[in-house]
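Everything on this sheet refers to the single structure shown next.
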Amino acid sequence: MDLDLHETRKVVLRNTTQPRWVDRFRRIDFVFLTVGIASVLMSHGVRESEVYHRPWELPVIIVVSMLWLTLSLSLRYRWSLAKPTFFARHRWRVGVSALWVFSLVLVVIFGPALPEWTSSSVSRWDGMVAVSQIAILLRGATAFLSWLRTAAAGDFNPAFLLVGSFIGLVSVGTLLLMLPRARVRPPVGPAQGAPFVTALFTATSASCVTGLIVEDTPTYWSREGQLVILGLFQIGGLGIMTFGAFFGLIAGRNIGLKEHATLSDLLDSEGLGNVRQLLGAILAFTLAMEIVGAISLSGLWSDQPLGERVFLSLFHSVSSFCNAGFALTENSFVGMAHLWQVGGVLALLIIVGGLGFAVLFDVARFTQHQVQGRRKAVGLLHERPLVRLTLTTKIVLTSTIILLLGGTATFLLLERHSSDGMSESLSIADAWFQSVTFRTAGFNTVDLGQLQPASKLLGILLMYIGASPGSTGGGVKTIAFSIAVLGLLSVVRGRRHIECFGRTLPDILMHRALAVMFLSLMLIMVTTALLVFYEDQPEYFLDYMFEATSAVGTVGVSSTIEADSGAMVSVTQSLSTPSRLLIILAMFLGRVGPLTLLLAIAGQASPARYQYPEERVTLG
């Protein structure tokens, strides 16, 4: 009797009369969904005339996969003990299946009457396959977003989620870039996909918003491949968890407490109440900035057709805002720093994208409050809640201004005292743009191989510092570097604690800042040493250190060296396969952060309940 009661309770809690069959169906659903999505990618990724000639197998698999997913959902509804809430809990799955069935009916009944069908050889079956392809991709997207929400609401370490999500993004991007259609078709011979290392390198560089390339993006990758790269650095720049949470909000689902905490860690947002507002603001602001940036950049390609002009403008706008550094021009933006679209629009997109979304949200909130306060103030006495910029925002803005202006002035000073005459070509616009892009972006307006060694060292320092927390950029972040500088000042002033803008910073922040800086520095040193070892060209030590810092800082700039053929090529393109794999690892570690990766591996650290006696040691 007790066993029957226990089984009944399990059935009630599972909201279904057939819990075992439901579990089996979920596993089978995953198989059909995976096979269906793979079939869609294969049918579009391989050119028809070369390999498959539109075989019947792939279309049948796609239609059957979608048919199974719909039937499985229908049976789960039939077995459900909570039918009134079933559609609310599975609204996206039900919506996609219902839309698929409705579209199939329309195709069968009215398809031949469409003008596009009467003027071509398209059949009802082709229409059914096309509808099924769209439906199964939508089902895959809903399943992925559902998994993100489940992971965020679980007991996973946020750092582990971040690392795992980037591994998944890089894996998907690599597979897509290996498809023959992602690569420019050679003039002679069949279409071929990119080699694995090339696809992996490009997918990692795009997902980690780095910008280092082993093949020229405009000439090696087709328009489909460029779209894949665009999607990778858009998703990688904003963060996969951000996308999942945002579309979860669009679906009308509330964010749970655990999801709030996870997203707060990933977005560097203080407090749980601001996460919902911050998510909406991130996507809205990103979309607005990228559209405005694309419109402003369109003048650079005024001689191109409208479609090409729109794509080039949008690609470079997104690449700039996400600090990705990918360009579809022949030699980045060399010689174009004097143009207002480059020195103004591109630089502004890079700076704003590197400030951090929490900082931008705080500045917008403060500005809105100040404007509304002035409009509402009628008399001398006007009471309104006090809104201040957070300490994080103050440090980020101050350090960013110092780095930009100081970097520009130092570049001008170093290059004007060069001995090879390059000082005449380095204008204020070039110095300004390189000061901006060295921190995270990866574009360049001068030949970086011709810079003075001192200028390269300055570039290494800027790349090492990087952008700000919660932004699309990399590096150790301006906050960590600022805390280290403030710690040095506190020692000089004889203070026991770090002070800034009338506030005392907790000692734990100093510990974390030093840990991040030390791990990043060690990663750069190890990467540099291995590059010199693998390439066996110690005379290019500074260029290899430049390359290693660019990879770890996810910047994407690369110096130039002389190849065996005598031609000048970028360091990235001259690397051997072991060195390229090393740079791939460095880019990934630089994006997720050495400290984040260690926390993900170690899990949640529990604080010690004891403390040993203090004892001083000799420092020097």
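So you can find residues: chains in the structure tokens are A, B, ... in the order shown, residues in each start at 1, and ligands are numbered from 1 in order.
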Report task. Tell me, as a ChimeraX atom specification, which residues lie within 9 Å of A:Ala441, counting only C-alpha atoms; anything in the same chain fewer than 5 positions away does not count. Result -> /A:209-211,319-326,350-351,354,436,473,554-557
Report task. Mind the document's chain letters and residue numbers, and return as an MDAnalysis selection string the residues of stretch 132-249 of chain A that DSSP labels alpha helix (DSSP H). Result -> chainID A and resid 132:153 158:177 196:207 217:220 223:238 240:249
Report task. Considering only C-alpha atoms, return as a ChimeraX atom specification whatever protein or nucleic-acid residues lie within 8 Å of A:Met525, sequence-local ones (same chain, fewer than 4 positions apart) excluded. Result -> /A:521,529,545
Requested in this report: Write out as a PyMOL selection string which residues come within 10 Å of stretch 442-451 of chain A when counting only C-alpha atoms, dropping same-chain ones fewer than 6 positions away.
Outcome: chain A and resi 209-212+319-320+323-327+331-338+342-343+346-347+350+411+414-415+418+420+422-423+425-427+429-431+433-436+457+459+463+543+550+554-562+568-571
Query raised in the report: How many Å lie between atom CA of A:Ala513 and atom CA of A:Glu499, rounded to one decimal?
Result: 15.0 Å
Requested in this report: Could you give me the residues within stretch 348-596 of chain A that DSSP places in strand (DSSP E), as a ChimeraX atom specification?
Outcome: /A:498-500,503-505,560-562,568-570
Could you write out the selected residues, including N, CA and C atoms, as a CSV table (one decimal), in the first residue's frame?
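Saved as selection.csv:
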chain,number,residue,atom,x,y,z
A,498,ILE,N,42.9,50.4,0.5
A,498,ILE,CA,42.9,51.1,-0.8
A,498,ILE,C,41.7,52.1,-0.7
A,499,GLU,N,41.9,53.3,-1.1
A,499,GLU,CA,40.9,54.4,-1.1
A,499,GLU,C,40.7,55.0,-2.4
A,500,CYS,N,39.5,55.3,-2.8
A,500,CYS,CA,39.2,55.8,-4.1
A,500,CYS,C,37.9,56.6,-4.1
A,503,ARG,N,35.9,56.4,-0.9
A,503,ARG,CA,35.4,55.0,-0.5
A,503,ARG,C,36.6,54.1,-0.2
A,504,THR,N,36.4,53.2,0.6
A,504,THR,CA,37.5,52.2,0.9
A,504,THR,C,37.1,50.9,0.3
A,505,LEU,N,38.0,50.3,-0.5
A,505,LEU,CA,37.8,49.1,-1.2
A,505,LEU,C,38.1,47.9,-0.4
A,560,THR,N,53.8,42.4,-38.5
A,560,THR,CA,54.2,41.8,-39.7
A,560,THR,C,55.7,41.4,-39.6
A,561,ILE,N,56.0,40.3,-40.3
A,561,ILE,CA,57.4,39.8,-40.3
A,561,ILE,C,57.6,39.3,-41.7
A,562,GLU,N,58.9,39.1,-42.0
A,562,GLU,CA,59.3,38.6,-43.4
A,562,GLU,C,59.2,37.1,-43.4
A,568,MET,N,56.2,40.2,-46.9
A,568,MET,CA,55.8,40.6,-45.5
A,568,MET,C,54.4,40.1,-45.3
A,569,VAL,N,54.3,39.3,-44.2
A,569,VAL,CA,53.0,38.7,-43.9
A,569,VAL,C,52.7,38.9,-42.4
A,570,SER,N,51.5,38.8,-41.9
A,570,SER,CA,51.2,38.9,-40.5
A,570,SER,C,51.8,37.8,-39.7
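Using only C-alpha atoms, the smallest distance between any of A:Ala586, A:Ala515, A:Ala484, A:Leu161 and A:Leu530 comes from A:Ala586.
Note that atom CA of A:Leu328 and atom CA of A:Ile291 are 17.9 Å apart.
In this model, the gap between atom CA of A:Pro84 and atom CA of A:Thr17 comes to 15.2 Å.
Across A:Leu397, A:Ala608, A:Met517, A:Val228, the tightest approach to A:Leu177 is made by A:Val228 when counting only C-alpha atoms.
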**Report entry** Exercise: A:Ile28 partners within 12 Å, only C-alpha atoms, chain neighbours under 2 positions left out, as a VMD selection string
**Finding:** chain A and resid 21 to 26 30 to 35 65 68 to 69 71 to 73
Any chance you can output those residues with N, CA and C atoms as a PDB file, in the first residue's frame?
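Output file result_39.pdb follows:
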ATOM      1  N   TRP A  21       7.455   6.841 -20.177  1.00  0.00           N
ATOM      2  CA  TRP A  21       7.364   7.082 -21.609  1.00  0.00           C
ATOM      3  C   TRP A  21       7.733   8.522 -21.952  1.00  0.00           C
ATOM      4  N   VAL A  22       7.369   9.434 -21.077  1.00  0.00           N
ATOM      5  CA  VAL A  22       7.723  10.836 -21.316  1.00  0.00           C
ATOM      6  C   VAL A  22       9.237  11.013 -21.300  1.00  0.00           C
ATOM      7  N   ASP A  23       9.911  10.361 -20.340  1.00  0.00           N
ATOM      8  CA  ASP A  23      11.372  10.430 -20.301  1.00  0.00           C
ATOM      9  C   ASP A  23      11.989   9.823 -21.553  1.00  0.00           C
ATOM     10  N   ARG A  24      11.440   8.697 -22.007  1.00  0.00           N
ATOM     11  CA  ARG A  24      11.951   8.082 -23.228  1.00  0.00           C
ATOM     12  C   ARG A  24      11.719   8.988 -24.434  1.00  0.00           C
ATOM     13  N   PHE A  25      10.548   9.582 -24.492  1.00  0.00           N
ATOM     14  CA  PHE A  25      10.236  10.461 -25.616  1.00  0.00           C
ATOM     15  C   PHE A  25      11.162  11.676 -25.642  1.00  0.00           C
ATOM     16  N   ARG A  26      11.523  12.170 -24.479  1.00  0.00           N
ATOM     17  CA  ARG A  26      12.434  13.319 -24.444  1.00  0.00           C
ATOM     18  C   ARG A  26      13.798  12.955 -25.000  1.00  0.00           C
ATOM     19  N   PHE A  30      15.425  14.406 -28.546  1.00  0.00           N
ATOM     20  CA  PHE A  30      16.763  14.981 -28.689  1.00  0.00           C
ATOM     21  C   PHE A  30      17.482  14.386 -29.896  1.00  0.00           C
ATOM     22  N   VAL A  31      17.336  13.074 -30.090  1.00  0.00           N
ATOM     23  CA  VAL A  31      17.988  12.419 -31.226  1.00  0.00           C
ATOM     24  C   VAL A  31      17.423  12.946 -32.541  1.00  0.00           C
ATOM     25  N   PHE A  32      16.093  12.980 -32.650  1.00  0.00           N
ATOM     26  CA  PHE A  32      15.473  13.455 -33.888  1.00  0.00           C
ATOM     27  C   PHE A  32      15.802  14.924 -34.146  1.00  0.00           C
ATOM     28  N   LEU A  33      15.819  15.720 -33.089  1.00  0.00           N
ATOM     29  CA  LEU A  33      16.128  17.140 -33.258  1.00  0.00           C
ATOM     30  C   LEU A  33      17.561  17.333 -33.732  1.00  0.00           C
ATOM     31  N   THR A  34      18.490  16.587 -33.136  1.00  0.00           N
ATOM     32  CA  THR A  34      19.893  16.697 -33.538  1.00  0.00           C
ATOM     33  C   THR A  34      20.096  16.249 -34.976  1.00  0.00           C
ATOM     34  N   VAL A  35      19.513  15.107 -35.321  1.00  0.00           N
ATOM     35  CA  VAL A  35      19.642  14.595 -36.690  1.00  0.00           C
ATOM     36  C   VAL A  35      18.979  15.541 -37.687  1.00  0.00           C
ATOM     37  N   SER A  65      11.684  14.006 -38.967  1.00  0.00           N
ATOM     38  CA  SER A  65      12.110  14.512 -37.656  1.00  0.00           C
ATOM     39  C   SER A  65      11.090  15.496 -37.103  1.00  0.00           C
ATOM     40  N   TRP A  68       7.927  13.618 -36.050  1.00  0.00           N
ATOM     41  CA  TRP A  68       8.057  12.942 -34.758  1.00  0.00           C
ATOM     42  C   TRP A  68       7.955  13.938 -33.606  1.00  0.00           C
ATOM     43  N   LEU A  69       8.610  15.073 -33.716  1.00  0.00           N
ATOM     44  CA  LEU A  69       8.564  16.068 -32.645  1.00  0.00           C
ATOM     45  C   LEU A  69       7.142  16.544 -32.393  1.00  0.00           C
ATOM     46  N   LEU A  71       4.289  14.764 -33.118  1.00  0.00           N
ATOM     47  CA  LEU A  71       3.531  13.654 -32.538  1.00  0.00           C
ATOM     48  C   LEU A  71       3.919  13.424 -31.084  1.00  0.00           C
ATOM     49  N   SER A  72       5.189  13.524 -30.774  1.00  0.00           N
ATOM     50  CA  SER A  72       5.640  13.357 -29.394  1.00  0.00           C
ATOM     51  C   SER A  72       5.013  14.398 -28.484  1.00  0.00           C
ATOM     52  N   LEU A  73       4.959  15.629 -28.948  1.00  0.00           N
ATOM     53  CA  LEU A  73       4.344  16.690 -28.148  1.00  0.00           C
ATOM     54  C   LEU A  73       2.855  16.433 -27.956  1.00  0.00           C
TER      55      LEU A  73
END
